[in-house]
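Here's the structure, in structure tokens; my notes come after.
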Amino acid sequence: MPKQLSRLQPGLGSFPLILAVCLFAGTAAIAQEKENTAPPPVRSLAPNKSVLRHFAEAGKMKTPREYFQATLLKDGSVLVVDGDGSMNLPVPAEIYDPVSHTFRGTGTPLVQRYFFTATRLRNGKVLIVGGISGGPLGVAELYDPKTGQFADTGKLNHRRYNHTATVLKDGRVLITGGMETASIHLNTVELYDPRSGLFTQASPLAVARGMHAATLLKNGRVLISGGQTNEGKFPNSAELFDPVTNSFQPAGDLKMPRSGHTATLLKDGSVLIVGGSGEKSEADCELYNPKKKEFTPTGNMHTGRIGHTATRLKNGSVLIAGGIRPGFGKFPVEAEIYLPRSKSFQLSSPLITPRIAHAAVSLRDGHVLIVGGAADLVLSSAEIY
């Protein structure tokens, strides 16, 4: 087993589906990116342009990372945390400066973790929840941008990874589902209150699910879609969380069961569901209408993918980048743009480096930062669209 993946074990049963897909696809052994690796072709950042129409190099992290989190901070910089742990220890987090396109070190997390969530709170701090590090984690911590340090903040009621964390309009954080092991998926739900620093249990999901998606709608409710449940099944159901009653209600059924997909809120309030793995769902996409509570097909991507990112641009279109084509072992270098008006996808400029398990962050100036991940190597490189 590749060294870079074996540290996640205590046994293959702990691997989430996305990792198993990569192994099954027969990808090359993943190793740390070496300094003498031949660099990709360099594109310079175009001056005096608010939005690039291609990908350009944008610095390099001090530590190669996969299955990590990148979070936009209030000052416009980006926090990059964990996802390395080659010695099973947390490594210093990093801050990306969008002006100089450089990374600098900051504080070190208290716990090394993968498959966790990192969510910016209204007070500017970043809440880090759950994940896996030899086993599922039930601890949380806060990153304070003012001090550059991490601190404990309560404990979860249930250990979990591959869950979701969504900031509600009242400032609380909704934690839904996830996995305790690869065969045990959770329907438990928790609410984090930044004022008390405590997690309290809420009404459970109707269906246990991990690797699902959660999207905050314009009306303040949260759409929970798809995922994988026990016995490797893919539910096509969706649920709506109501922050007034702290409970869930049915939200219609997906046209195609899927897990590991993305769900992006569009300007008109609908939600774009893209890719994932299930029943031939890698290229099929659909739209959710919150008023009608129904899903409808909306074109297909040129390349099916899982483990990709979907980022809404300032003009309302959505950038789809990276991932892997399940069953083919191919990392598509082509990016795609979803156009809401025509409800179709068009090919965009290719990534400089193909990648999965990366992060994408929409910056204040309209650029999109693509950072880290893995293909044949665990990557420290970043690029900007």
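Each chain in the structure tokens gets a letter, A, B and so on, in the order shown; residues start at 1 in every chain, and ligands are counted from 1 in the order they appear.
Excluding Pro340 (chain A) itself and any same-chain residue fewer than 2 positions from it, the protein and nucleic acid residues within 8 Å of it, counting only C-alpha atoms, are Leu266, Gly316, Ser317, Tyr338, Ser342, Lys343 and Ser344 of chain A.
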Neighbour list for region 178-186 of chain A as a PyMOL selection string, cut-off 10 Å, only C-alpha atoms, skip fewer than 5 positions in-chain: chain A and resi 11-17+115-116+130-132+135-138+158-164+204-205+207-212+227-232
What would the file look like if the residues just selected were written as an mmCIF file, in the first residue's frame with N, CA and C atoms?
```
data_model
loop_
_atom_site.group_PDB
_atom_site.id
_atom_site.type_symbol
_atom_site.label_atom_id
_atom_site.label_comp_id
_atom_site.auth_asym_id
_atom_site.auth_seq_id
_atom_site.Cartn_x
_atom_site.Cartn_y
_atom_site.Cartn_z
ATOM 1 N N GLY A 11 -6.937 -0.110 8.899
ATOM 2 C CA GLY A 11 -7.607 -1.153 8.130
ATOM 3 C C GLY A 11 -8.350 -0.542 6.973
ATOM 4 N N LEU A 12 -8.463 -1.303 5.900
ATOM 5 C CA LEU A 12 -9.080 -0.793 4.685
ATOM 6 C C LEU A 12 -10.504 -0.359 4.923
ATOM 7 N N GLY A 13 -11.176 -0.946 5.914
ATOM 8 C CA GLY A 13 -12.552 -0.574 6.198
ATOM 9 C C GLY A 13 -12.706 0.865 6.602
ATOM 10 N N SER A 14 -11.651 1.540 7.017
ATOM 11 C CA SER A 14 -11.743 2.939 7.410
ATOM 12 C C SER A 14 -11.626 3.884 6.243
ATOM 13 N N PHE A 15 -11.282 3.386 5.066
ATOM 14 C CA PHE A 15 -11.104 4.261 3.915
ATOM 15 C C PHE A 15 -12.453 4.723 3.407
ATOM 16 N N PRO A 16 -12.649 6.041 3.187
ATOM 17 C CA PRO A 16 -13.870 6.496 2.555
ATOM 18 C C PRO A 16 -13.895 6.124 1.091
ATOM 19 N N LEU A 17 -15.071 6.225 0.481
ATOM 20 C CA LEU A 17 -15.257 5.765 -0.890
ATOM 21 C C LEU A 17 -14.328 6.456 -1.858
ATOM 22 N N PHE A 115 -10.231 14.615 6.028
ATOM 23 C CA PHE A 115 -11.673 14.439 5.836
ATOM 24 C C PHE A 115 -12.489 15.142 6.917
ATOM 25 N N PHE A 116 -12.049 16.336 7.293
ATOM 26 C CA PHE A 116 -12.697 17.144 8.309
ATOM 27 C C PHE A 116 -13.343 18.360 7.638
ATOM 28 N N GLY A 130 -14.058 17.382 13.642
ATOM 29 C CA GLY A 130 -14.005 15.974 13.280
ATOM 30 C C GLY A 130 -12.840 15.592 12.395
ATOM 31 N N GLY A 131 -13.086 14.624 11.523
ATOM 32 C CA GLY A 131 -12.054 14.105 10.649
ATOM 33 C C GLY A 131 -11.587 12.734 11.098
ATOM 34 N N ILE A 132 -10.471 12.309 10.532
ATOM 35 C CA ILE A 132 -9.908 11.003 10.864
ATOM 36 C C ILE A 132 -8.398 11.131 10.996
ATOM 37 N N GLY A 135 -8.153 7.001 13.390
ATOM 38 C CA GLY A 135 -9.521 6.644 13.736
ATOM 39 C C GLY A 135 -10.358 7.904 13.676
ATOM 40 N N PRO A 136 -11.691 7.792 13.742
ATOM 41 C CA PRO A 136 -12.544 8.973 13.665
ATOM 42 C C PRO A 136 -12.358 9.878 14.880
ATOM 43 N N LEU A 137 -12.485 11.175 14.652
ATOM 44 C CA LEU A 137 -12.231 12.154 15.705
ATOM 45 C C LEU A 137 -13.530 12.797 16.188
ATOM 46 N N GLY A 138 -13.591 13.077 17.482
ATOM 47 C CA GLY A 138 -14.742 13.761 18.063
ATOM 48 C C GLY A 138 -14.364 15.071 18.707
ATOM 49 N N HIS A 158 -20.705 12.925 18.696
ATOM 50 C CA HIS A 158 -20.407 11.721 17.925
ATOM 51 C C HIS A 158 -19.148 11.950 17.102
ATOM 52 N N ARG A 159 -18.236 10.999 17.142
ATOM 53 C CA ARG A 159 -17.048 11.064 16.282
ATOM 54 C C ARG A 159 -17.493 10.918 14.831
ATOM 55 N N ARG A 160 -16.868 11.675 13.930
ATOM 56 C CA ARG A 160 -17.321 11.618 12.535
ATOM 57 C C ARG A 160 -16.273 12.182 11.577
ATOM 58 N N TYR A 161 -16.309 11.681 10.332
ATOM 59 C CA TYR A 161 -15.547 12.255 9.225
ATOM 60 C C TYR A 161 -16.408 12.169 7.971
ATOM 61 N N ASN A 162 -16.009 12.886 6.927
ATOM 62 C CA ASN A 162 -16.819 12.988 5.700
ATOM 63 C C ASN A 162 -18.233 13.471 6.011
ATOM 64 N N HIS A 163 -18.332 14.399 6.951
ATOM 65 C CA HIS A 163 -19.579 15.049 7.310
ATOM 66 C C HIS A 163 -19.641 16.413 6.612
ATOM 67 N N THR A 164 -20.653 17.215 6.929
ATOM 68 C CA THR A 164 -20.724 18.586 6.427
ATOM 69 C C THR A 164 -20.867 19.547 7.595
ATOM 70 N N PRO A 204 -32.361 14.110 14.123
ATOM 71 C CA PRO A 204 -31.507 13.378 13.187
ATOM 72 C C PRO A 204 -31.980 13.493 11.747
ATOM 73 N N LEU A 205 -31.088 13.172 10.833
ATOM 74 C CA LEU A 205 -31.447 13.019 9.434
ATOM 75 C C LEU A 205 -32.391 11.825 9.275
ATOM 76 N N VAL A 207 -32.146 9.832 6.822
ATOM 77 C CA VAL A 207 -31.287 8.789 6.243
ATOM 78 C C VAL A 207 -29.857 9.018 6.705
ATOM 79 N N ALA A 208 -29.215 7.968 7.209
ATOM 80 C CA ALA A 208 -27.796 8.060 7.540
ATOM 81 C C ALA A 208 -27.007 8.253 6.256
ATOM 82 N N ARG A 209 -26.070 9.204 6.262
ATOM 83 C CA ARG A 209 -25.330 9.472 5.026
ATOM 84 C C ARG A 209 -23.989 10.140 5.316
ATOM 85 N N GLY A 210 -22.989 9.783 4.498
ATOM 86 C CA GLY A 210 -21.683 10.414 4.499
ATOM 87 C C GLY A 210 -21.309 10.744 3.068
ATOM 88 N N MET A 211 -20.345 11.636 2.885
ATOM 89 C CA MET A 211 -19.942 12.101 1.551
ATOM 90 C C MET A 211 -21.130 12.705 0.796
ATOM 91 N N HIS A 212 -22.033 13.317 1.546
ATOM 92 C CA HIS A 212 -23.154 14.033 0.972
ATOM 93 C C HIS A 212 -22.769 15.500 0.793
ATOM 94 N N GLY A 227 -25.202 11.305 -1.074
ATOM 95 C CA GLY A 227 -24.272 10.681 -0.153
ATOM 96 C C GLY A 227 -24.263 9.167 -0.285
ATOM 97 N N GLN A 228 -23.558 8.544 0.630
ATOM 98 C CA GLN A 228 -23.508 7.088 0.694
ATOM 99 C C GLN A 228 -23.977 6.668 2.074
ATOM 100 N N THR A 229 -24.723 5.609 2.148
ATOM 101 C CA THR A 229 -25.223 5.131 3.425
ATOM 102 C C THR A 229 -24.694 3.733 3.696
ATOM 103 N N ASN A 230 -25.201 3.099 4.728
ATOM 104 C CA ASN A 230 -24.702 1.774 5.111
ATOM 105 C C ASN A 230 -24.920 0.753 3.993
ATOM 106 N N GLU A 231 -24.073 -0.267 3.988
ATOM 107 C CA GLU A 231 -24.100 -1.328 2.981
ATOM 108 C C GLU A 231 -23.766 -0.806 1.593
ATOM 109 N N GLY A 232 -23.068 0.337 1.522
ATOM 110 C CA GLY A 232 -22.613 0.880 0.251
ATOM 111 C C GLY A 232 -23.705 1.388 -0.655
#
```
Given the choices A:Ala214, A:Ala238, A:Leu265, A:Leu174, which gets closest to Gly252 (chain A) if the distance is worked out from only C-alpha atoms? A:Ala238
Have a look at A:Thr102, A:Thr200, A:Thr63, A:Ser259 and name the one nearest to Val78 (chain A); count only C-alpha atoms. A:Thr102
Write out as CSV the residues of region 220-305 of chain A that have any atom within 9 Å of an atom of region 333-336 of chain A, one row each with the nearest atom pair and its distance in Å to one decimal, counting only C-alpha atoms, sorted by chain and then rising number.
```
residue,atom,partner,partner_atom,distance
A:Met301,CA,A:Glu336,CA,7.4
A:His302,CA,A:Glu336,CA,7.8
A:Thr303,CA,A:Glu334,CA,8.4
```
How would the residues just chosen look if you wrote them out with N, CA and C atoms as a PDB file, in the first residue's frame?
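Full text of part_5.pdb as output:
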```
ATOM      1  N   MET A 301     -21.634  17.200 -18.062  1.00  0.00           N
ATOM      2  CA  MET A 301     -20.258  17.631 -18.233  1.00  0.00           C
ATOM      3  C   MET A 301     -19.627  16.882 -19.402  1.00  0.00           C
ATOM      4  N   HIS A 302     -18.553  17.432 -19.937  1.00  0.00           N
ATOM      5  CA  HIS A 302     -17.825  16.739 -20.994  1.00  0.00           C
ATOM      6  C   HIS A 302     -17.101  15.511 -20.440  1.00  0.00           C
ATOM      7  N   THR A 303     -16.698  15.597 -19.155  1.00  0.00           N
ATOM      8  CA  THR A 303     -15.976  14.504 -18.511  1.00  0.00           C
ATOM      9  C   THR A 303     -16.589  14.214 -17.153  1.00  0.00           C
TER      10      THR A 303
END
```
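Excluding Val81 (chain A) itself and same-chain residues fewer than 6 positions from it, the residues having an atom within 9 Å of it are Arg65, Phe68, Gln69, Ala70, Thr71, Val91, Pro92, Ala93, Glu94, Ile95, Thr108, Pro109 and Ala118 of chain A, counting only C-alpha atoms.
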Would you mind exporting the chosen residues as a PDB file, in the first residue's frame, restricted to C-alpha atoms?
```pdb
ATOM      1  CA  ARG A  65      -1.189  18.377   1.215  1.00  0.00           C
ATOM      2  CA  PHE A  68      -7.094  19.204   3.630  1.00  0.00           C
ATOM      3  CA  GLN A  69      -9.176  22.394   3.915  1.00  0.00           C
ATOM      4  CA  ALA A  70      -8.670  25.928   2.596  1.00  0.00           C
ATOM      5  CA  THR A  71     -10.813  28.718   4.066  1.00  0.00           C
ATOM      6  CA  VAL A  91       2.115  20.332  10.673  1.00  0.00           C
ATOM      7  CA  PRO A  92       1.975  24.136  10.776  1.00  0.00           C
ATOM      8  CA  ALA A  93      -0.943  25.655   8.902  1.00  0.00           C
ATOM      9  CA  GLU A  94      -0.250  28.151   6.134  1.00  0.00           C
ATOM     10  CA  ILE A  95      -1.676  31.476   4.982  1.00  0.00           C
ATOM     11  CA  THR A 108       0.061  24.436  14.312  1.00  0.00           C
ATOM     12  CA  PRO A 109      -3.264  22.559  14.770  1.00  0.00           C
ATOM     13  CA  ALA A 118     -13.048  24.012   8.390  1.00  0.00           C
TER      14      ALA A 118
END
```
To test your reading of the structure, identify every residue in region 189-356 of chain A that backbone DSSP assigns to strand (DSSP E or B), and report it as a PyMOL selection string. chain A and resi 189-193+198-202+210+213-216+222-225+228+237-242+247-253+258-259+262-265+271-274+277-278+284-289+294-300+306+309-312+318-321+324-325+330+334-339+344-350+356
Atoms kept (C-alpha atoms) for selection, written as a PDB file, in the first residue's frame:
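Written file, result-v6.pdb:
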```pdb
ATOM      1  CA  VAL A 189     -26.849  16.011  13.715  1.00  0.00           C
ATOM      2  CA  GLU A 190     -25.224  18.614  15.948  1.00  0.00           C
ATOM      3  CA  LEU A 191     -25.361  22.390  16.287  1.00  0.00           C
ATOM      4  CA  TYR A 192     -22.304  24.400  17.345  1.00  0.00           C
ATOM      5  CA  ASP A 193     -22.936  27.681  19.166  1.00  0.00           C
ATOM      6  CA  LEU A 198     -20.669  23.848  22.814  1.00  0.00           C
ATOM      7  CA  PHE A 199     -22.118  21.202  20.499  1.00  0.00           C
ATOM      8  CA  THR A 200     -25.742  20.173  21.112  1.00  0.00           C
ATOM      9  CA  GLN A 201     -27.643  17.368  19.431  1.00  0.00           C
ATOM     10  CA  ALA A 202     -30.453  18.214  17.008  1.00  0.00           C
ATOM     11  CA  GLY A 210     -21.683  10.414   4.499  1.00  0.00           C
ATOM     12  CA  ALA A 213     -23.459  17.755   0.239  1.00  0.00           C
ATOM     13  CA  ALA A 214     -24.961  20.597   2.275  1.00  0.00           C
ATOM     14  CA  THR A 215     -25.985  23.943   0.749  1.00  0.00           C
ATOM     15  CA  LEU A 216     -27.283  27.030   2.552  1.00  0.00           C
ATOM     16  CA  VAL A 222     -30.004  23.910   4.338  1.00  0.00           C
ATOM     17  CA  LEU A 223     -30.305  21.397   1.504  1.00  0.00           C
ATOM     18  CA  ILE A 224     -28.779  17.985   2.292  1.00  0.00           C
ATOM     19  CA  SER A 225     -28.362  15.927  -0.876  1.00  0.00           C
ATOM     20  CA  GLN A 228     -23.508   7.088   0.694  1.00  0.00           C
ATOM     21  CA  SER A 237     -33.207  11.377  -1.321  1.00  0.00           C
ATOM     22  CA  ALA A 238     -32.647  14.938  -0.170  1.00  0.00           C
ATOM     23  CA  GLU A 239     -33.627  16.719   3.043  1.00  0.00           C
ATOM     24  CA  LEU A 240     -34.156  20.309   4.180  1.00  0.00           C
ATOM     25  CA  PHE A 241     -33.040  21.574   7.583  1.00  0.00           C
ATOM     26  CA  ASP A 242     -35.258  24.269   9.087  1.00  0.00           C
ATOM     27  CA  SER A 247     -35.620  19.637  12.241  1.00  0.00           C
ATOM     28  CA  PHE A 248     -35.582  18.075   8.767  1.00  0.00           C
ATOM     29  CA  GLN A 249     -38.263  17.599   6.139  1.00  0.00           C
ATOM     30  CA  PRO A 250     -38.222  15.846   2.733  1.00  0.00           C
ATOM     31  CA  ALA A 251     -36.819  17.910  -0.146  1.00  0.00           C
ATOM     32  CA  GLY A 252     -37.572  15.729  -3.164  1.00  0.00           C
ATOM     33  CA  ASP A 253     -35.480  13.052  -4.838  1.00  0.00           C
ATOM     34  CA  ARG A 258     -24.744  10.206  -6.148  1.00  0.00           C
ATOM     35  CA  SER A 259     -21.999  10.533  -3.542  1.00  0.00           C
ATOM     36  CA  THR A 262     -20.747  19.133  -5.375  1.00  0.00           C
ATOM     37  CA  ALA A 263     -23.797  21.316  -4.719  1.00  0.00           C
ATOM     38  CA  THR A 264     -23.399  25.014  -5.559  1.00  0.00           C
ATOM     39  CA  LEU A 265     -25.877  27.805  -4.867  1.00  0.00           C
ATOM     40  CA  VAL A 271     -28.609  24.622  -6.581  1.00  0.00           C
ATOM     41  CA  LEU A 272     -26.326  23.031  -9.181  1.00  0.00           C
ATOM     42  CA  ILE A 273     -25.576  19.354  -8.446  1.00  0.00           C
ATOM     43  CA  VAL A 274     -22.469  18.143 -10.285  1.00  0.00           C
ATOM     44  CA  SER A 277     -20.219   8.486  -7.958  1.00  0.00           C
ATOM     45  CA  GLY A 278     -23.367   6.384  -7.843  1.00  0.00           C
ATOM     46  CA  ASP A 284     -24.917  13.814 -15.205  1.00  0.00           C
ATOM     47  CA  CYS A 285     -25.870  17.081 -13.526  1.00  0.00           C
ATOM     48  CA  GLU A 286     -29.107  18.481 -12.148  1.00  0.00           C
ATOM     49  CA  LEU A 287     -30.694  21.604 -10.661  1.00  0.00           C
ATOM     50  CA  TYR A 288     -32.657  21.876  -7.428  1.00  0.00           C
ATOM     51  CA  ASN A 289     -35.548  24.342  -7.300  1.00  0.00           C
ATOM     52  CA  GLU A 294     -37.723  19.257  -7.100  1.00  0.00           C
ATOM     53  CA  PHE A 295     -34.632  18.252  -9.068  1.00  0.00           C
ATOM     54  CA  THR A 296     -34.428  18.503 -12.862  1.00  0.00           C
ATOM     55  CA  PRO A 297     -31.646  17.448 -15.295  1.00  0.00           C
ATOM     56  CA  THR A 298     -29.412  20.252 -16.580  1.00  0.00           C
ATOM     57  CA  GLY A 299     -26.956  19.008 -19.185  1.00  0.00           C
ATOM     58  CA  ASN A 300     -23.888  16.821 -18.824  1.00  0.00           C
ATOM     59  CA  ILE A 306     -15.595  12.709  -8.577  1.00  0.00           C
ATOM     60  CA  THR A 309     -14.394  21.263  -6.921  1.00  0.00           C
ATOM     61  CA  ALA A 310     -17.193  23.593  -8.053  1.00  0.00           C
ATOM     62  CA  THR A 311     -16.758  27.337  -7.470  1.00  0.00           C
ATOM     63  CA  ARG A 312     -19.250  30.057  -8.383  1.00  0.00           C
ATOM     64  CA  VAL A 318     -19.516  27.840 -12.036  1.00  0.00           C
ATOM     65  CA  LEU A 319     -15.938  26.608 -12.470  1.00  0.00           C
ATOM     66  CA  ILE A 320     -15.554  22.805 -12.306  1.00  0.00           C
ATOM     67  CA  ALA A 321     -11.944  21.710 -11.789  1.00  0.00           C
ATOM     68  CA  ILE A 324     -10.862  11.717 -11.138  1.00  0.00           C
ATOM     69  CA  ARG A 325     -12.942   9.818 -13.677  1.00  0.00           C
ATOM     70  CA  LYS A 330      -7.801   9.290 -15.353  1.00  0.00           C
ATOM     71  CA  GLU A 334      -9.671  20.037 -18.584  1.00  0.00           C
ATOM     72  CA  ALA A 335     -11.748  22.431 -16.498  1.00  0.00           C
ATOM     73  CA  GLU A 336     -15.368  23.170 -17.342  1.00  0.00           C
ATOM     74  CA  ILE A 337     -17.682  26.147 -16.909  1.00  0.00           C
ATOM     75  CA  TYR A 338     -21.400  25.779 -16.206  1.00  0.00           C
ATOM     76  CA  LEU A 339     -23.456  28.537 -17.834  1.00  0.00           C
ATOM     77  CA  SER A 344     -24.904  23.862 -20.357  1.00  0.00           C
ATOM     78  CA  PHE A 345     -21.197  23.195 -19.831  1.00  0.00           C
ATOM     79  CA  GLN A 346     -18.316  24.492 -21.932  1.00  0.00           C
ATOM     80  CA  LEU A 347     -14.672  23.498 -21.754  1.00  0.00           C
ATOM     81  CA  SER A 348     -12.314  26.009 -20.182  1.00  0.00           C
ATOM     82  CA  SER A 349      -8.554  26.331 -20.177  1.00  0.00           C
ATOM     83  CA  PRO A 350      -6.836  23.240 -18.712  1.00  0.00           C
ATOM     84  CA  ILE A 356      -7.818  15.373  -6.826  1.00  0.00           C
TER      85      ILE A 356
END
```
